[in-house]
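J.: Data file my_file.txt (compact mmCIF, C-alpha atoms) is appended below.
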# COMPACT_ATOMS: atom_id res chain seq x y z
CA MET A 19 0.00 0.00 0.00
CA ARG A 20 1.26 3.52 -0.84
CA ILE A 21 0.74 5.80 2.17
CA LEU A 22 1.41 9.45 3.01
CA VAL A 23 2.08 10.19 6.69
CA THR A 24 2.06 13.87 7.61
CA GLY A 25 3.74 14.91 10.84
CA ALA A 26 6.23 12.11 10.24
CA ALA A 27 8.82 13.60 12.61
CA GLY A 28 6.23 13.88 15.37
CA PHE A 29 5.83 11.53 18.31
CA ILE A 30 2.98 9.43 16.91
CA GLY A 31 3.89 9.99 13.26
CA ALA A 32 7.42 8.59 13.52
CA PHE A 33 6.25 5.38 15.16
CA VAL A 34 3.37 4.97 12.69
CA CYS A 35 5.90 5.27 9.84
CA LYS A 36 8.23 2.75 11.50
CA THR A 37 5.48 0.17 11.98
CA LEU A 38 4.10 0.60 8.45
CA LEU A 39 7.60 0.20 6.99
CA GLU A 40 8.26 -2.93 9.03
CA LYS A 41 5.03 -4.35 7.62
CA GLY A 42 6.22 -3.76 4.05
CA HIS A 43 4.28 -0.66 2.99
CA GLN A 44 5.59 2.13 0.79
CA VAL A 45 5.58 5.30 2.89
CA VAL A 46 6.26 8.96 2.18
CA GLY A 47 6.60 11.11 5.28
CA ILE A 48 6.39 14.89 5.43
CA ASP A 49 6.88 17.36 8.28
CA ASN A 50 7.59 21.08 8.52
CA LEU A 51 10.06 20.50 11.38
CA ASN A 52 8.94 23.64 13.20
CA ASN A 53 10.44 24.75 16.49
CA TYR A 54 7.34 24.46 18.71
CA TYR A 55 9.60 22.21 20.78
CA ASP A 56 13.22 21.05 20.50
CA VAL A 57 13.79 20.16 16.84
CA ASN A 58 16.63 17.82 17.85
CA LEU A 59 14.00 15.45 19.20
CA LYS A 60 12.29 15.51 15.79
CA TYR A 61 15.57 14.85 13.99
CA GLY A 62 16.24 12.04 16.46
CA ARG A 63 12.98 10.37 15.48
CA LEU A 64 13.80 10.81 11.80
CA ASP A 65 17.19 9.25 12.45
CA PHE A 66 15.63 5.95 13.54
CA LEU A 67 13.73 6.05 10.24
CA GLY A 68 17.02 6.39 8.35
CA ILE A 69 16.69 10.10 7.54
CA LYS A 70 19.73 12.23 8.36
CA LYS A 71 19.38 15.83 9.58
CA GLU A 72 21.91 17.24 7.15
CA LYS A 73 19.96 15.90 4.17
CA CYS A 74 16.62 17.49 5.10
CA ILE A 75 16.11 20.20 2.48
CA ASP A 76 12.88 22.08 1.85
CA HIS A 77 10.53 20.34 -0.60
CA THR A 78 13.05 17.64 -1.56
CA LEU A 79 12.21 13.93 -1.20
CA ILE A 80 15.13 12.01 0.28
CA ASN A 81 15.55 8.27 0.59
CA SER A 82 15.88 6.50 3.91
CA GLU A 83 19.22 4.84 4.66
CA LEU A 84 17.42 2.10 6.66
CA TYR A 85 14.16 1.44 4.80
CA SER A 86 14.11 1.05 1.03
CA THR A 87 10.40 1.91 0.92
CA PHE A 88 10.59 5.19 2.87
CA GLN A 89 11.08 8.73 1.62
CA PHE A 90 10.85 11.98 3.57
CA ALA A 91 10.44 15.63 2.61
CA LYS A 92 10.37 18.84 4.61
CA VAL A 93 6.95 20.11 3.55
CA ASP A 94 4.34 22.16 5.39
CA ILE A 95 0.71 21.13 4.86
CA THR A 96 -0.20 24.84 4.62
CA ASP A 97 1.81 24.96 1.36
CA LYS A 98 -0.90 23.83 -1.05
CA GLN A 99 1.29 24.04 -4.14
CA GLN A 100 3.85 21.64 -2.68
CA LEU A 101 1.11 19.25 -1.54
CA VAL A 102 -0.53 19.20 -4.97
CA SER A 103 2.83 18.45 -6.60
CA LEU A 104 3.50 15.63 -4.13
CA PHE A 105 0.05 14.03 -4.52
CA ASP A 106 0.22 14.30 -8.31
CA LYS A 107 3.57 12.50 -8.40
CA GLU A 108 3.12 9.85 -5.70
CA LYS A 109 -0.48 8.61 -6.21
CA PHE A 110 -1.23 7.79 -2.57
CA GLU A 111 -3.90 5.25 -1.67
CA VAL A 112 -4.16 6.27 1.98
CA VAL A 113 -3.31 9.52 3.78
CA CYS A 114 -2.63 9.53 7.52
CA ASN A 115 -2.69 13.13 8.77
CA LEU A 116 -0.82 13.49 12.04
CA ALA A 117 0.45 17.00 11.29
CA ALA A 118 -1.04 19.71 13.48
CA GLN A 119 -0.11 22.46 15.85
CA ALA A 120 -0.51 20.64 19.15
CA GLY A 121 -0.96 21.83 22.71
CA VAL A 122 -4.03 23.17 24.51
CA ARG A 123 -2.29 25.87 26.56
CA TYR A 124 -0.15 27.12 23.66
CA SER A 125 -3.33 27.80 21.66
CA ILE A 126 -4.35 30.47 24.16
CA GLU A 127 -1.31 32.57 23.25
CA ASN A 128 -0.76 31.66 19.59
CA PRO A 129 -4.16 31.28 17.89
CA ASP A 130 -2.97 32.14 14.37
CA THR A 131 -0.67 29.13 14.27
CA TYR A 132 -3.58 26.79 14.99
CA ILE A 133 -5.82 28.28 12.32
CA GLN A 134 -3.10 27.95 9.68
CA SER A 135 -1.92 24.43 10.47
CA ASN A 136 -5.07 22.78 11.80
CA ILE A 137 -7.68 24.43 9.57
CA VAL A 138 -5.98 25.68 6.39
CA GLY A 139 -3.54 22.76 6.28
CA PHE A 140 -6.30 20.22 6.82
CA ALA A 141 -8.42 21.82 4.08
CA ASN A 142 -5.47 21.50 1.70
CA LEU A 143 -5.21 17.78 2.46
CA LEU A 144 -8.94 17.26 1.92
CA GLU A 145 -8.70 18.97 -1.47
CA CYS A 146 -5.77 16.76 -2.44
CA CYS A 147 -7.62 13.62 -1.34
CA ARG A 148 -10.56 14.75 -3.45
CA HIS A 149 -8.61 15.53 -6.63
CA PHE A 150 -6.09 12.67 -6.52
CA SER A 151 -8.43 9.73 -5.80
CA VAL A 152 -7.24 8.88 -2.29
CA LYS A 153 -9.28 5.98 -0.96
CA HIS A 154 -9.02 6.68 2.76
CA LEU A 155 -8.05 9.64 4.96
CA VAL A 156 -7.12 8.74 8.55
CA TYR A 157 -6.60 11.84 10.68
CA ALA A 158 -5.85 12.91 14.22
CA SER A 159 -8.63 14.46 16.22
CA SER A 160 -8.39 14.81 20.00
CA SER A 161 -10.10 13.98 23.28
CA SER A 162 -10.11 17.75 23.87
CA VAL A 163 -13.22 18.02 21.67
CA TYR A 164 -15.23 16.71 24.65
CA GLY A 165 -14.60 19.97 26.52
CA MET A 166 -16.20 20.00 29.96
CA ASN A 167 -18.22 16.84 29.25
CA ALA A 168 -19.38 15.50 32.61
CA LYS A 169 -20.38 12.04 31.41
CA ILE A 170 -17.70 9.40 32.06
CA PRO A 171 -16.39 7.56 30.11
CA PHE A 172 -16.43 9.74 26.98
CA SER A 173 -18.35 8.21 24.09
CA GLU A 174 -18.39 9.17 20.41
CA THR A 175 -22.13 9.82 20.76
CA ASP A 176 -21.61 12.52 23.42
CA LYS A 177 -22.13 16.15 22.44
CA VAL A 178 -18.93 17.94 21.42
CA ASP A 179 -20.25 21.39 20.59
CA ALA A 180 -18.72 23.27 23.53
CA PRO A 181 -14.90 23.19 23.23
CA VAL A 182 -12.94 25.08 25.89
CA SER A 183 -9.77 25.75 23.87
CA LEU A 184 -9.04 26.88 20.33
CA TYR A 185 -7.04 23.69 19.82
CA ALA A 186 -10.17 21.67 20.61
CA ALA A 187 -12.25 23.86 18.30
CA THR A 188 -9.86 23.23 15.40
CA LYS A 189 -10.04 19.48 15.95
CA LYS A 190 -13.83 19.52 16.00
CA SER A 191 -13.67 21.60 12.81
CA ASN A 192 -11.55 18.87 11.21
CA GLU A 193 -14.23 16.31 11.97
CA LEU A 194 -16.93 18.49 10.37
CA MET A 195 -14.78 19.25 7.32
CA ALA A 196 -13.99 15.55 6.83
CA HIS A 197 -17.69 14.71 7.08
CA THR A 198 -18.48 17.19 4.31
CA TYR A 199 -15.81 15.84 1.97
CA THR A 200 -16.76 12.22 2.61
CA HIS A 201 -20.40 13.05 1.90
CA LEU A 202 -19.64 15.00 -1.28
CA TYR A 203 -16.76 13.04 -2.78
CA LYS A 204 -17.25 9.53 -1.38
CA PHE A 205 -13.76 8.75 -0.07
CA ALA A 206 -13.50 7.17 3.37
CA SER A 207 -12.43 9.25 6.36
CA THR A 208 -11.63 8.14 9.89
CA GLY A 209 -11.11 10.62 12.72
CA LEU A 210 -9.24 9.42 15.79
CA ARG A 211 -9.80 11.17 19.08
CA PHE A 212 -6.47 10.55 20.77
CA PHE A 213 -6.35 10.42 24.55
CA THR A 214 -3.16 11.49 26.37
CA VAL A 215 -0.37 9.61 24.58
CA TYR A 216 2.94 8.99 26.34
CA GLY A 217 6.09 6.91 25.96
CA PRO A 218 9.68 7.05 24.64
CA TRP A 219 10.38 9.95 22.25
CA GLY A 220 7.31 11.81 23.55
CA ARG A 221 6.80 15.56 23.28
CA PRO A 222 8.79 17.56 25.85
CA ASP A 223 5.82 19.86 26.52
CA MET A 224 3.79 16.91 27.81
CA SER A 225 3.61 15.96 31.48
CA PRO A 226 5.87 12.83 31.52
CA ILE A 227 8.98 14.67 30.32
CA LEU A 228 8.12 17.82 32.28
CA PHE A 229 7.81 15.73 35.44
CA ALA A 230 10.91 13.64 34.74
CA ASN A 231 12.99 16.76 34.01
CA ALA A 232 11.90 18.43 37.22
CA ILE A 233 12.58 15.32 39.30
CA ALA A 234 16.01 14.83 37.72
CA GLN A 235 16.96 18.46 38.40
CA SER A 236 15.39 18.59 41.90
CA GLU A 237 13.05 21.32 40.75
CA PRO A 238 9.35 21.55 41.67
CA ILE A 239 6.72 20.17 39.32
CA LYS A 240 3.55 22.09 38.63
CA VAL A 241 0.49 20.09 39.64
CA PHE A 242 -2.68 21.68 38.35
CA ASN A 243 -6.11 21.66 39.99
CA ASN A 244 -4.26 20.76 43.19
CA GLY A 245 -3.69 17.27 41.83
CA ASP A 246 -7.40 16.49 41.42
CA MET A 247 -7.11 15.43 37.79
CA GLU A 248 -7.41 12.18 35.86
CA ARG A 249 -6.30 11.23 32.38
CA ASP A 250 -6.73 8.28 30.06
CA PHE A 251 -2.96 7.89 29.62
CA THR A 252 -2.29 5.71 26.57
CA TYR A 253 1.07 4.15 25.73
CA ILE A 254 2.46 4.90 22.28
CA ASP A 255 2.59 1.24 21.14
CA ASP A 256 -1.15 0.81 21.78
CA ILE A 257 -1.96 3.98 19.84
CA VAL A 258 0.21 2.99 16.88
CA ALA A 259 -1.24 -0.52 16.73
CA GLY A 260 -4.72 0.98 16.44
CA VAL A 261 -3.75 3.55 13.80
CA VAL A 262 -1.94 1.01 11.63
CA THR A 263 -4.82 -1.47 11.82
CA ILE A 264 -7.22 1.22 10.60
CA ILE A 265 -4.87 2.19 7.76
CA GLU A 266 -4.46 -1.42 6.61
CA LYS A 267 -8.09 -2.57 6.74
CA PRO A 268 -10.12 -1.42 3.72
CA VAL A 269 -13.32 0.38 4.62
CA THR A 270 -16.14 -1.78 3.29
CA ASP A 271 -19.63 -2.56 4.54
CA PHE A 272 -18.55 -3.18 8.15
CA ARG A 273 -18.71 0.60 8.89
CA PRO A 274 -19.80 3.87 7.23
CA LEU A 275 -17.36 5.77 5.02
CA TYR A 276 -17.24 8.55 7.65
CA LYS A 277 -16.46 7.46 11.20
CA ILE A 278 -15.06 8.90 14.42
CA TYR A 279 -13.37 6.72 17.03
CA ASN A 280 -12.00 7.25 20.49
CA ILE A 281 -8.53 5.74 20.76
CA GLY A 282 -7.20 5.44 24.29
CA ASN A 283 -6.38 3.05 27.11
CA ASN A 284 -10.04 2.59 28.12
CA ASN A 285 -9.16 3.63 31.68
CA SER A 286 -8.73 6.78 33.75
CA VAL A 287 -5.66 7.23 35.96
CA LYS A 288 -5.34 9.72 38.80
CA LEU A 289 -2.63 12.27 38.10
CA MET A 290 -1.05 11.76 41.53
CA ASN A 291 -0.75 8.02 40.85
CA PHE A 292 0.85 8.76 37.48
CA ILE A 293 3.38 11.05 39.18
CA ALA A 294 4.07 8.43 41.87
CA THR A 295 4.91 5.85 39.18
CA ILE A 296 7.35 8.26 37.53
CA GLU A 297 8.92 8.92 40.95
CA LYS A 298 9.29 5.18 41.49
CA TYR A 299 11.25 4.59 38.29
CA MET A 300 13.20 7.83 38.53
CA GLY A 301 14.23 6.70 42.01
CA LYS A 302 13.47 10.09 43.49
CA GLU A 303 10.50 11.92 44.98
CA ALA A 304 9.19 15.01 43.21
CA LYS A 305 8.84 18.41 44.80
CA LYS A 306 5.26 19.42 44.08
CA GLU A 307 3.76 22.88 43.70
CA MET A 308 -0.01 22.97 43.60
CA TYR A 309 -1.79 25.27 41.13
CA PRO A 310 -5.44 25.90 40.21
CA MET A 311 -6.96 24.60 37.00
CA GLN A 312 -5.46 26.17 33.87
CA MET A 313 -7.50 27.91 31.19
CA GLY A 314 -8.59 25.46 28.51
CA ASP A 315 -7.87 22.40 30.66
CA VAL A 316 -10.32 19.72 31.81
CA GLN A 317 -10.41 17.74 35.03
CA ARG A 318 -10.90 14.22 33.73
CA THR A 319 -10.71 12.19 30.52
CA TRP A 320 -11.61 8.56 29.92
CA ALA A 321 -12.11 6.93 26.53
CA ASP A 322 -14.87 4.48 25.81
CA VAL A 323 -13.24 2.50 22.98
CA THR A 324 -16.07 0.02 22.44
CA GLU A 325 -16.56 1.15 18.82
CA LEU A 326 -12.88 0.62 17.99
CA ILE A 327 -12.91 -2.79 19.68
CA ASN A 328 -16.01 -3.84 17.72
CA ASP A 329 -14.82 -2.62 14.31
CA TYR A 330 -11.06 -3.22 14.52
CA ASN A 331 -10.52 -5.57 17.48
CA TYR A 332 -8.50 -2.84 19.21
CA LYS A 333 -6.78 -4.09 22.38
CA PRO A 334 -4.83 -1.54 24.44
CA SER A 335 -2.71 -3.69 26.74
CA THR A 336 0.10 -1.60 28.25
CA SER A 337 -0.28 -0.85 31.96
CA ILE A 338 0.83 2.47 33.44
CA GLU A 339 3.48 0.57 35.38
CA GLN A 340 4.94 -1.01 32.24
CA GLY A 341 4.58 2.11 30.11
CA ILE A 342 6.24 4.45 32.61
CA LYS A 343 9.09 1.98 33.12
CA GLU A 344 9.77 1.99 29.35
CA PHE A 345 9.48 5.77 29.21
CA VAL A 346 11.89 6.37 32.11
CA ASN A 347 14.43 3.92 30.67
CA TRP A 348 14.39 5.88 27.40
CA TYR A 349 14.44 9.23 29.21
CA LYS A 350 17.53 8.35 31.22
CA GLY A 351 19.33 7.13 28.09
CA TYR A 352 18.36 10.09 25.90
CA TYR A 353 18.76 12.98 28.30
CA ASN A 354 21.69 11.69 30.34
CA SER A 355 23.76 10.25 27.52
Could you render the structure from this file as structure tokens?

T.:
Amino acid sequence: MRILVTGAAGFIGAFVCKTLLEKGHQVVGIDNLNNYYDVNLKYGRLDFLGIKKEKCIDHTLINSELYSTFQFAKVDITDKQQLVSLFDKEKFEVVCNLAAQAGVRYSIENPDTYIQSNIVGFANLLECCRHFSVKHLVYASSSSVYGMNAKIPFSETDKVDAPVSLYAATKKSNELMAHTYTHLYKFASTGLRFFTVYGPWGRPDMSPILFANAIAQSEPIKVFNNGDMERDFTYIDDIVAGVVTIIEKPVTDFRPLYKIYNIGNNNSVKLMNFIATIEKYMGKEAKKEMYPMQMGDVQRTWADVTELINDYNYKPSTSIEQGIKEFVNWYKGYYNS
């Protein structure tokens, strides 16, 4: 299968590429390699895909030194001309869009970035899928679309018309835009509402690395809502297994062309327990500073993944204990090497 993965240097994108390549698919990855967080982490992910930093040139496809079926180009999805050229040349069967400006809190201060990447960029991809006969668009949505939803666990049938951050609003917009294009142009689209993903090579603006850094440096960690928070923390391997299964399985009569799924661990973990597990494997207790709830944040998330289990036999299996152990082992090797 010939697949485009956008956001290929991102946390989820890099591992999706790796798994697809190991299963024998032909993959083209693109990423704009922006500096929202340390670009060295992005180049590190590309390195395990066989793409060297010094060869990454704007708009130029380069071949992987590790995988004969992988090519990468530094391309921004907001650059419609470059996307059209790429789609015209490569004839993708499936597009997996994992490119987006991420981060709930960052969207409060930098709204323009979110509109460009998450709205304009996504519209460009939809247009390319329409005009170049892509069979299936798989794209990242987010658990943030549930806003202040009080019903637990979160279900795809719950109302999601009251987002509490611009990031969440852009992700809900993506779902609506995909619905329109699927209805009008009859290609399949699958939106995945990711719940807090963690693991080796994770984003440094996310809580696991923030906590681990603070513990390692004997600095206080910021604990919001005075620690009264819960998240459906989902290990990267479980997320990738679900994404790849959806990419590989043709959409036929077992589900509608347009579908939204929760993808998470199917469990809610107390933030203080999550921190305690990091402390255990870091071998050191954290200094904790308690803060009120942040703007745009929510108290609790929990994914009901029944639909994904029924349609794709999705089986998240990594415990917090196992996942944090793997994360801390990587963290110590990467940041202390």

J.: Using all atoms listed in the file, pick whichever of A:Ala234, A:Ile293, A:Ile126, A:Ile48 has the shortest atom-to-atom distance to A:Phe251.

T.: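 Selected residue with least distance to A:Phe251: A:Ile293.
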
J.: To one decimal place, how far is atom CA of A:Phe150 from atom CA of A:Val45 in Å?

T.: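 The value is 16.7 Å.
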
J.: When you count only C-alpha atoms, which of these residues is closest to A:Ala196: A:Ser159, A:Asn354, A:Gln89, A:Asn243?

T.: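 Closest residue, counting only C-alpha atoms: A:Ser159.
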
J.: Looking at all atoms listed in the file, which of A:Leu289, A:Lys109, A:Asp256, A:Pro218 is the one that sits closest to A:Lys350?

T.: A:Pro218

J.: Kindly indicate which residue among A:Ser236, A:Gln312, A:Pro226, A:Ala158 lies nearest to A:Tyr349, using only C-alpha atoms for the distances.

T.: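 Residue with the minimum atom-to-atom distance to A:Tyr349: A:Pro226.
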
J.: Please compute the atom CA of A:Val215-atom CA of A:Arg249 distance, one decimal, in Å.

T.: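 Separation of atom CA of A:Val215 and atom CA of A:Arg249: 9.9 Å.
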
J.: Find the residues with any atom within 10 Å of (5.6, -1.8, 6.2); use all atoms listed in the file and the coordinates as given in the file, and write the answer as an mmCIF file with C-alpha atoms, keeping the file's coordinate frame.

T.:
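Contents of the output file point16.cif:
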data_model
loop_
_atom_site.group_PDB
_atom_site.id
_atom_site.type_symbol
_atom_site.label_atom_id
_atom_site.label_comp_id
_atom_site.auth_asym_id
_atom_site.auth_seq_id
_atom_site.Cartn_x
_atom_site.Cartn_y
_atom_site.Cartn_z
ATOM 1 C CA MET A 19 0.000 0.000 0.000
ATOM 2 C CA ARG A 20 1.260 3.520 -0.840
ATOM 3 C CA ILE A 21 0.740 5.800 2.170
ATOM 4 C CA VAL A 34 3.370 4.970 12.690
ATOM 5 C CA CYS A 35 5.900 5.270 9.840
ATOM 6 C CA LYS A 36 8.230 2.750 11.500
ATOM 7 C CA THR A 37 5.480 0.170 11.980
ATOM 8 C CA LEU A 38 4.100 0.600 8.450
ATOM 9 C CA LEU A 39 7.600 0.200 6.990
ATOM 10 C CA GLU A 40 8.260 -2.930 9.030
ATOM 11 C CA LYS A 41 5.030 -4.350 7.620
ATOM 12 C CA GLY A 42 6.220 -3.760 4.050
ATOM 13 C CA HIS A 43 4.280 -0.660 2.990
ATOM 14 C CA GLN A 44 5.590 2.130 0.790
ATOM 15 C CA VAL A 45 5.580 5.300 2.890
ATOM 16 C CA TYR A 85 14.160 1.440 4.800
ATOM 17 C CA THR A 87 10.400 1.910 0.920
ATOM 18 C CA PHE A 88 10.590 5.190 2.870
ATOM 19 C CA VAL A 262 -1.940 1.010 11.630
#

J.: Can you tell me, as a PDB file with C-alpha atoms, in the frame of the given file, what residues are no more than 8 Å from stretch 50-65 of chain A when counting only C-alpha atoms, ignoring any on the same chain fewer than 4 positions away?

T.:
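Final output, result34.pdb:
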ATOM      1  CA  GLY A  25       3.740  14.910  10.840  1.00  0.00           C
ATOM      2  CA  ALA A  26       6.230  12.110  10.240  1.00  0.00           C
ATOM      3  CA  ALA A  27       8.820  13.600  12.610  1.00  0.00           C
ATOM      4  CA  GLY A  28       6.230  13.880  15.370  1.00  0.00           C
ATOM      5  CA  PHE A  29       5.830  11.530  18.310  1.00  0.00           C
ATOM      6  CA  ALA A  32       7.420   8.590  13.520  1.00  0.00           C
ATOM      7  CA  ILE A  69      16.690  10.100   7.540  1.00  0.00           C
ATOM      8  CA  LYS A  70      19.730  12.230   8.360  1.00  0.00           C
ATOM      9  CA  LYS A  71      19.380  15.830   9.580  1.00  0.00           C
ATOM     10  CA  LYS A  92      10.370  18.840   4.610  1.00  0.00           C
ATOM     11  CA  VAL A  93       6.950  20.110   3.550  1.00  0.00           C
ATOM     12  CA  ASP A  94       4.340  22.160   5.390  1.00  0.00           C
ATOM     13  CA  ILE A  95       0.710  21.130   4.860  1.00  0.00           C
ATOM     14  CA  TRP A 219      10.380   9.950  22.250  1.00  0.00           C
ATOM     15  CA  ARG A 221       6.800  15.560  23.280  1.00  0.00           C
ATOM     16  CA  PRO A 222       8.790  17.560  25.850  1.00  0.00           C
ATOM     17  CA  ASP A 223       5.820  19.860  26.520  1.00  0.00           C
TER      18      ASP A 223
END

J.: Select, from A:Asn128, A:Gln119, A:Ser225, A:Gly282, the residue with the minimum atom-to-atom distance to A:Val258, counting all atoms listed in the file.

T.: A:Gly282

J.: For a quick check of understanding, using only C-alpha atoms, which of A:Val112, A:Ile170, A:Val261, A:Ala230 has the smallest distance to A:Asp322?

T.: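 Closest to A:Asp322 of all the choices is A:Ile170.
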
J.: Can you work out the spacing between atom CA of A:Gly217 and atom CA of A:Glu344 in Å, to one decimal?

T.: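 Result for atom CA of A:Gly217 versus atom CA of A:Glu344: 7.0 Å, one decimal.
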